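Structure first, commentary second.
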Amino acid sequence: MTDTIIQVENLSKRYFIGHQRDAYDALRHRIEGALRHPLNWTREMIRRRRATQEEFWALKNVSFEAKQGEAIGIIGRNGAGKTTLLKILSQITEPTKGRIRLGGRVASLLEVGTGFHQDLTGRENIFLNGAILGMTRQEIKRKFDEIVAFSEVEKFLDTPVKRYSTGMYVRLAFAVAAHLEPEILIMDEVLAVGDAAFQKKCLGKMGEVAHGGRTVLFVSHNMSAVQALCRKAIYLDHGVVKAVGDVEPLVNRYLVEVGSAQSRRFTTAIDLGPSLKLESLDFPAEPVKSGEMLPFGFTIRAEKSTTLHDLSILIYSSSNMRVAILDLRSLGTPIALSAGRVLHAVGEIKSLPLVEGEYSVGLYMNSTDFQENFFDLASFTVSARTSDTDYVPVPLMYRGLVELDFTAHFAKATTESPNAIVTSG
Amino acid sequence: MNELIIEAGRTERRYWRDLWRYRELFYFLAWRDLLIRYKQTVVGIAWSLIRPFLTMVVLTVVFGKFGKMPSGGVPYPILVFCGMLPWQFFSTALSESGNSLVANANLISKVYFPRLVVPASSVITSFVDFLVSAGILVVLMVWYRYVPSPHCVFLPVFVLLAFASSFGAGVWIAALMVEYRDFRFILPFIVQFGLYISPVGFYSSVVPEKWRLLYALNPMVGVIDGFRWSILGGQQPIYWDTLAVSVVGVALLMVTGIWYFRKTERAFADII
């Protein structure tokens with residue numbers, strides 16, 4: 001029987017943003033005032049300080065529920081209020097309005113290595129960090145070997161942490177935190193550091209925690225990790241809960257909305273040289289799942305007669321790397337176009353092998369009187385494949401550009417050459 | 001299932017239970033501060049003995065040979081130590097705990113634990129130093145074959161008084177310093193000033209009768225007088241009225257300090 005373990009009701013948090021006053025004036029007035037009426041002055045100082053500050057609501061009427069054992073992803077842009085929400089849930093800062101009911105012990109990891117001191121050794125820092133995160137000395141001693149094994153820094157356990165490489169540091173810090181055993185675990189983008197092997201390990205461990213019946217709140221910009229770990233998601237935008245629901249549609253919505261701020265769709269036709277105009281270049285507005293079919297289309301109008309020799313659609317990744325072209329000479333070139341002729345084409349990419357992300361589309365054309373590359377004419381979004389594996393996918397930044405469909409299995413080795421790959425037959 | 005409700009202004013009851021639950025953190029933070037002190041030093045932990053010893057030598061020379069403070073038959077180093085010991089404890093405890101919250105800002109903004117642990121563990125760290133120096137005092141007494149007066153059984157009382165006064169003042173300043181960084185400059189001034197007005201380099205009997213009770217508002221007056229009385233006996237008379245004022249003053253300081261601290265604690269992570 002799962003019951004609600006976290007209940008957030010109308011949570012709001014206000015911060016004051018100060019504004020610099022003219023420093024010289026302030027100091028002079030302060031001293032004058034202080035000398036004349038000391039008590040009044042202090043009261044005024046505090047009041048005036050408030051008056052020149054602006055109110056900023058980091059969270060506005062946030063409400064949601066979490067049941068025991070749920071893994072919930074919290075997604076949103078930078079500045080949406082995710083970290084503020086976590087800080088309030090962790091009792092680090094107080095809400096301005098609203099209330100939260102928590103039905104279990106909370107451990108939160110807002111930063112990797114909180115409390116680590118540079119001069120202390122790895123061993124000493126394990127104890128210190130563990131204690132700060134809420135473990136008792138007994139607990140730490142009990143789990144010490146596990147923590148060291150997870151972190152893989154056994155050889156350097158007795159050297160000061162300031163000598164560690166960044167990777168070792170982060171591994172050790174995460175190792176301690178990974179062995180917390182609270183009912184509610186809160187994690188804030190702690191996977192942003194570390195190499196691929198480490199990230200995989202962390203995600204794996206977090207998956208273990210999530211599937212072990214604990215409630216996990218996970219803030220991340222790594223959408224594939226969020227999708228792999230969480231069933232439910234909360235989408236925050238400018239301090240307000242934009243949506244709560246199943247993780248996949250919310251991630252898609254987030255990707256679209258974050259992307260659409262940058263994508264450009266042209267409303268007036270683009271000149272492709274003196275004779276041709278590109279009236280539309282259509283790619284779906286909704287995200288397309290990796291591996292599925294991507295439809296596209298375009299319309300070109302000839303203002304004057306010309307012949308089109310080459311036409312290619314160019315696809316660029318978000319890091320401006322050309323990932324593929326669609327060589328449209330397959331349509332049958334050269335195409336002779338008389339003035340006023342409109343060319344309309346539709347097509348589809350059968351199973352789009354691209355990894356998730358934002359892609360921009362360009363065009364290359366070569367006609368009798370013009371040849372040019374055009375960029376950023378359209379864009380489309382690819383969303384992650386649903387993972388039906390029991391292991392967590394590698395983070396996006398290490399997965400390359402394409403998902404390849406492959407199969408593999410262990411083959412029997414022969415007695416003569418056990419290392420050779422034996423093909424059937 | 002234990003339910004915790006988080007709401008604006010609602011943290012009272014849980015807090016004291018949490019202090020107990022996080023009791024090991026008192027030890028860990030103090031342990032950390034002591035550990036890092038002598039890391040990468042050659043002399044290492046011997047510094048904790050050398051420092052008070054050298055201070056004692058210097059003060060003996062300054063007040064004894066040059067200042068010619070009357071010693072009344074007591075070996076001079078012991079006399080100096082009796083005044084210096086509690087003062088050192090108080091001044092370092094006050095400085096460390098006053099600065100403790102700001103020094104641990106990264107912890108305060110990222111992890112939850114009852115913040116009262118932070119200044120408290122600073123006082124504990126200074127207390128450990130105090131114990132080491134007290135050890136030196138014992139060695140001194142053995143060396144000079146000086147037997148302390150029977151009043152020394154009351155010594156723990158005055159130690160407790162010193163502990164409470166540094167904790168009370170420390171908590172006040174720590175909480176104030178979070179919002180008003182001015183105290184970073186005010187604090188060393190208080191400590192410096194305090195050294196001159198507290199009866200470290202002189203006996204409190206030099207203070208004229210009519211100012212005596214007002215003077216006792218300085219908690220260290222009661223503490224240092226008490227220390228001297230416990231160890232030196234007849235040389236230092238005990239003034240029960242000033243002691244009473246000191247005790248009441250310290251109690252008030254602690255209670256109000258903790259009250260102010262708790263009141264402002266909720267905003268620490270936002271302002272620090």
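Quick note on naming: the chains in the structure tokens go A, B, ... in the order shown, residues restart at 1 in each chain, and ligands are numbered from 1 in order of appearance.
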
Expected answer as a PyMOL selection string: alpha helix (DSSP H) residues in stretch 203-339 of chain A: chain A and resi 203-211+223-229+247-260

query: For chain A against chain B, which residues fall within 8 Å using only C-alpha atoms, given as a PyMOL selection string?
result: chain A and resi 15+87+89-104+108-111+114-115+119-120+128+131-134+136-137

Generate the output file for the selected residues, N, CA and C atoms, as a compact mmCIF listing (two decimals), in the first residue's frame.
# COMPACT_ATOMS: atom_id res chain seq x y z
N TYR A 15 12.79 35.93 -2.28
CA TYR A 15 14.11 36.46 -1.97
C TYR A 15 14.09 37.95 -2.18
N LYS A 87 16.17 22.87 -1.81
CA LYS A 87 16.70 23.43 -0.56
C LYS A 87 15.61 23.51 0.50
N LEU A 89 12.93 21.58 0.66
CA LEU A 89 12.63 20.21 1.06
C LEU A 89 13.70 19.66 1.98
N SER A 90 14.92 20.14 1.83
CA SER A 90 16.01 19.66 2.68
C SER A 90 16.14 20.45 3.95
N GLN A 91 15.24 21.39 4.18
CA GLN A 91 15.27 22.23 5.37
C GLN A 91 16.49 23.13 5.46
N ILE A 92 17.07 23.43 4.35
CA ILE A 92 18.21 24.34 4.37
C ILE A 92 17.73 25.77 4.41
N THR A 93 16.60 26.03 3.76
CA THR A 93 16.03 27.36 3.83
C THR A 93 14.53 27.21 4.06
N GLU A 94 13.93 28.26 4.57
CA GLU A 94 12.53 28.16 4.95
C GLU A 94 11.60 28.65 3.86
N PRO A 95 10.41 28.10 3.74
CA PRO A 95 9.48 28.65 2.76
C PRO A 95 8.92 29.98 3.25
N THR A 96 8.50 30.81 2.32
CA THR A 96 7.87 32.08 2.70
C THR A 96 6.39 31.83 2.96
N LYS A 97 5.80 30.96 2.12
CA LYS A 97 4.38 30.62 2.30
C LYS A 97 4.22 29.15 1.97
N GLY A 98 3.12 28.58 2.46
CA GLY A 98 2.83 27.20 2.09
C GLY A 98 3.43 26.23 3.08
N ARG A 99 3.18 24.95 2.83
CA ARG A 99 3.76 23.99 3.75
C ARG A 99 4.07 22.68 3.03
N ILE A 100 4.92 21.89 3.70
CA ILE A 100 5.33 20.59 3.17
C ILE A 100 5.15 19.55 4.26
N ARG A 101 4.62 18.40 3.87
CA ARG A 101 4.56 17.28 4.81
C ARG A 101 5.52 16.21 4.31
N LEU A 102 6.42 15.81 5.18
CA LEU A 102 7.36 14.76 4.81
C LEU A 102 7.12 13.57 5.72
N GLY A 103 7.05 12.39 5.12
CA GLY A 103 6.78 11.21 5.92
C GLY A 103 7.99 10.33 6.15
N GLY A 104 9.18 10.86 5.92
CA GLY A 104 10.34 10.01 6.11
C GLY A 104 11.59 10.86 6.20
N SER A 108 19.82 14.78 1.37
CA SER A 108 19.92 15.46 0.08
C SER A 108 21.35 15.68 -0.33
N LEU A 109 21.57 15.53 -1.60
CA LEU A 109 22.88 15.70 -2.19
C LEU A 109 22.78 16.85 -3.18
N LEU A 110 23.07 18.05 -2.68
CA LEU A 110 22.94 19.21 -3.55
C LEU A 110 24.26 19.54 -4.21
N GLU A 111 25.30 18.95 -3.68
CA GLU A 111 26.61 19.26 -4.19
C GLU A 111 27.46 18.08 -3.80
N THR A 114 30.28 17.96 -0.16
CA THR A 114 30.00 19.00 0.84
C THR A 114 30.76 18.70 2.12
N GLY A 115 31.50 19.68 2.56
CA GLY A 115 32.19 19.48 3.82
C GLY A 115 33.56 18.85 3.67
N ASP A 119 42.74 19.49 3.27
CA ASP A 119 43.92 18.98 3.96
C ASP A 119 43.72 17.60 4.57
N LEU A 120 42.49 17.18 4.66
CA LEU A 120 42.25 15.88 5.29
C LEU A 120 42.42 14.77 4.27
N LEU A 128 34.04 12.49 7.83
CA LEU A 128 33.52 13.85 7.98
C LEU A 128 32.30 14.06 7.11
N ALA A 131 29.31 12.07 8.28
CA ALA A 131 28.67 12.65 9.47
C ALA A 131 27.85 13.88 9.10
N ILE A 132 28.39 14.69 8.21
CA ILE A 132 27.67 15.89 7.81
C ILE A 132 26.39 15.54 7.09
N LEU A 133 26.43 14.46 6.31
CA LEU A 133 25.24 14.07 5.59
C LEU A 133 24.23 13.35 6.47
N GLY A 134 24.62 13.06 7.71
CA GLY A 134 23.65 12.51 8.63
C GLY A 134 23.90 11.08 9.07
N THR A 136 25.68 8.09 11.26
CA THR A 136 26.37 7.99 12.54
C THR A 136 27.72 7.33 12.31
N ARG A 137 28.59 7.47 13.30
CA ARG A 137 29.93 6.91 13.15
C ARG A 137 29.88 5.40 12.93

- prompt: Using only C-alpha atoms, which residues sit within 10 Å of A:Phe156 once same-chain residues fewer than 3 positions away are excluded, as a list in words?
  reply: Thr121, Gly122, Arg123, Glu152, Val153, Thr159, Pro160, Val161, Arg163, Tyr164 and Met168 of chain A

Residues near stretch 372-385 of chain A, cut-off 7 Å, only C-alpha atoms, skip fewer than 4 positions along chain, as a list in words: Ser224, Asn252, Val256, Ser263, Arg264, Arg265, Leu281, Phe283, Pro284, Ala285, Pro287, Val288, Lys289, Ser290, Val355, Glu356, Gly357, Glu358, Tyr359, Ser360, Val361, Gly362, Leu363, Tyr364, Met365 and Asn366 of chain A

Output of the above residues as a PDB file, in the first residue's frame, restricted to C-alpha atoms:
ATOM      1  CA  SER A 224      17.951  10.464 -20.854  1.00  0.00           C
ATOM      2  CA  ASN A 252       9.309  16.091 -24.879  1.00  0.00           C
ATOM      3  CA  VAL A 256      10.296  21.600 -27.515  1.00  0.00           C
ATOM      4  CA  SER A 263      14.707  27.741 -33.452  1.00  0.00           C
ATOM      5  CA  ARG A 264      13.767  29.987 -36.279  1.00  0.00           C
ATOM      6  CA  ARG A 265      11.056  29.335 -38.760  1.00  0.00           C
ATOM      7  CA  LEU A 281      10.854  23.782 -45.528  1.00  0.00           C
ATOM      8  CA  PHE A 283       9.934  19.463 -40.416  1.00  0.00           C
ATOM      9  CA  PRO A 284       7.683  18.282 -37.595  1.00  0.00           C
ATOM     10  CA  ALA A 285       7.170  20.651 -34.660  1.00  0.00           C
ATOM     11  CA  PRO A 287       9.674  15.827 -31.175  1.00  0.00           C
ATOM     12  CA  VAL A 288      10.285  12.646 -33.075  1.00  0.00           C
ATOM     13  CA  LYS A 289      11.528   9.660 -31.187  1.00  0.00           C
ATOM     14  CA  SER A 290      14.915   8.360 -32.212  1.00  0.00           C
ATOM     15  CA  VAL A 355      20.454  10.502 -30.803  1.00  0.00           C
ATOM     16  CA  GLU A 356      18.139  12.835 -28.972  1.00  0.00           C
ATOM     17  CA  GLY A 357      18.685  16.563 -29.215  1.00  0.00           C
ATOM     18  CA  GLU A 358      18.051  19.630 -31.293  1.00  0.00           C
ATOM     19  CA  TYR A 359      18.982  19.560 -34.952  1.00  0.00           C
ATOM     20  CA  SER A 360      19.019  22.354 -37.483  1.00  0.00           C
ATOM     21  CA  VAL A 361      18.402  22.009 -41.151  1.00  0.00           C
ATOM     22  CA  GLY A 362      20.133  23.713 -44.036  1.00  0.00           C
ATOM     23  CA  LEU A 363      20.029  23.484 -47.773  1.00  0.00           C
ATOM     24  CA  TYR A 364      22.574  23.192 -50.530  1.00  0.00           C
ATOM     25  CA  MET A 365      21.510  24.071 -54.013  1.00  0.00           C
ATOM     26  CA  ASN A 366      23.211  24.390 -57.342  1.00  0.00           C
TER      27      ASN A 366
END

Skipping near chain neighbours, those fewer than 5 positions away, what residues fall within 8 Å of stretch 198-209 of chain A using only C-alpha atoms, listed as a tab-separated table (two decimals) with C-alpha atoms, in the first residue's frame?
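Below you can see around-v7.tsv, which holds the result:
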chain	number	residue	atom	x	y	z
A	171	ARG	CA	34.13	9.48	-7.11
A	174	PHE	CA	29.63	10.37	-4.57
A	178	ALA	CA	25.50	6.84	-2.50
A	191	LEU	CA	26.02	13.94	-12.38
A	193	VAL	CA	30.81	16.09	-13.24
A	214	ARG	CA	13.03	4.61	-1.71
A	216	VAL	CA	13.88	9.76	-5.12
A	225	ALA	CA	18.92	9.87	-17.23
A	229	LEU	CA	15.25	6.61	-13.72
A	391	TYR	CA	20.67	-0.92	-17.50
A	392	VAL	CA	20.69	2.85	-17.59
A	393	PRO	CA	21.75	4.45	-20.87
A	394	VAL	CA	25.04	6.25	-21.13
A	395	PRO	CA	24.64	10.03	-20.81

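The two atoms in question, atom CA of A:Glu348 and atom CA of A:Gly291, are spaced 12.4 Å apart.
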
Residues of stretch 45-101 of chain B within 10 Å of stretch 175-185 of chain B: nearest atom pair and distance (Å, one decimal) for each, counting only C-alpha atoms, sorted by chain and number, as a Markdown table?
| residue | atom | partner | partner_atom | distance |
| --- | --- | --- | --- | --- |
| B:Ser95 | CA | B:Arg184 | CA | 9.3 |
| B:Ser97 | CA | B:Ala175 | CA | 9.9 |
| B:Gly98 | CA | B:Met177 | CA | 7.3 |
| B:Asn99 | CA | B:Arg184 | CA | 7.3 |
| B:Ser100 | CA | B:Met177 | CA | 9.5 |
| B:Leu101 | CA | B:Val178 | CA | 7.0 |

Using the selection just defined, write its residues with N, CA and C atoms as a compact mmCIF listing (two decimals), in the first residue's frame.
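part26.txt was written with the following content:
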# COMPACT_ATOMS: atom_id res chain seq x y z
N SER B 95 36.41 34.13 19.53
CA SER B 95 36.80 34.44 18.15
C SER B 95 36.37 33.33 17.20
N SER B 97 34.11 30.85 17.58
CA SER B 97 32.68 30.61 17.42
C SER B 97 32.00 31.80 16.74
N GLY B 98 32.51 33.00 17.00
CA GLY B 98 31.94 34.16 16.33
C GLY B 98 32.07 34.05 14.82
N ASN B 99 33.22 33.58 14.38
CA ASN B 99 33.46 33.46 12.94
C ASN B 99 32.95 32.15 12.35
N SER B 100 32.52 31.24 13.22
CA SER B 100 32.28 29.87 12.76
C SER B 100 31.23 29.75 11.67
N LEU B 101 30.14 30.48 11.79
CA LEU B 101 29.07 30.31 10.80
C LEU B 101 29.54 30.75 9.42
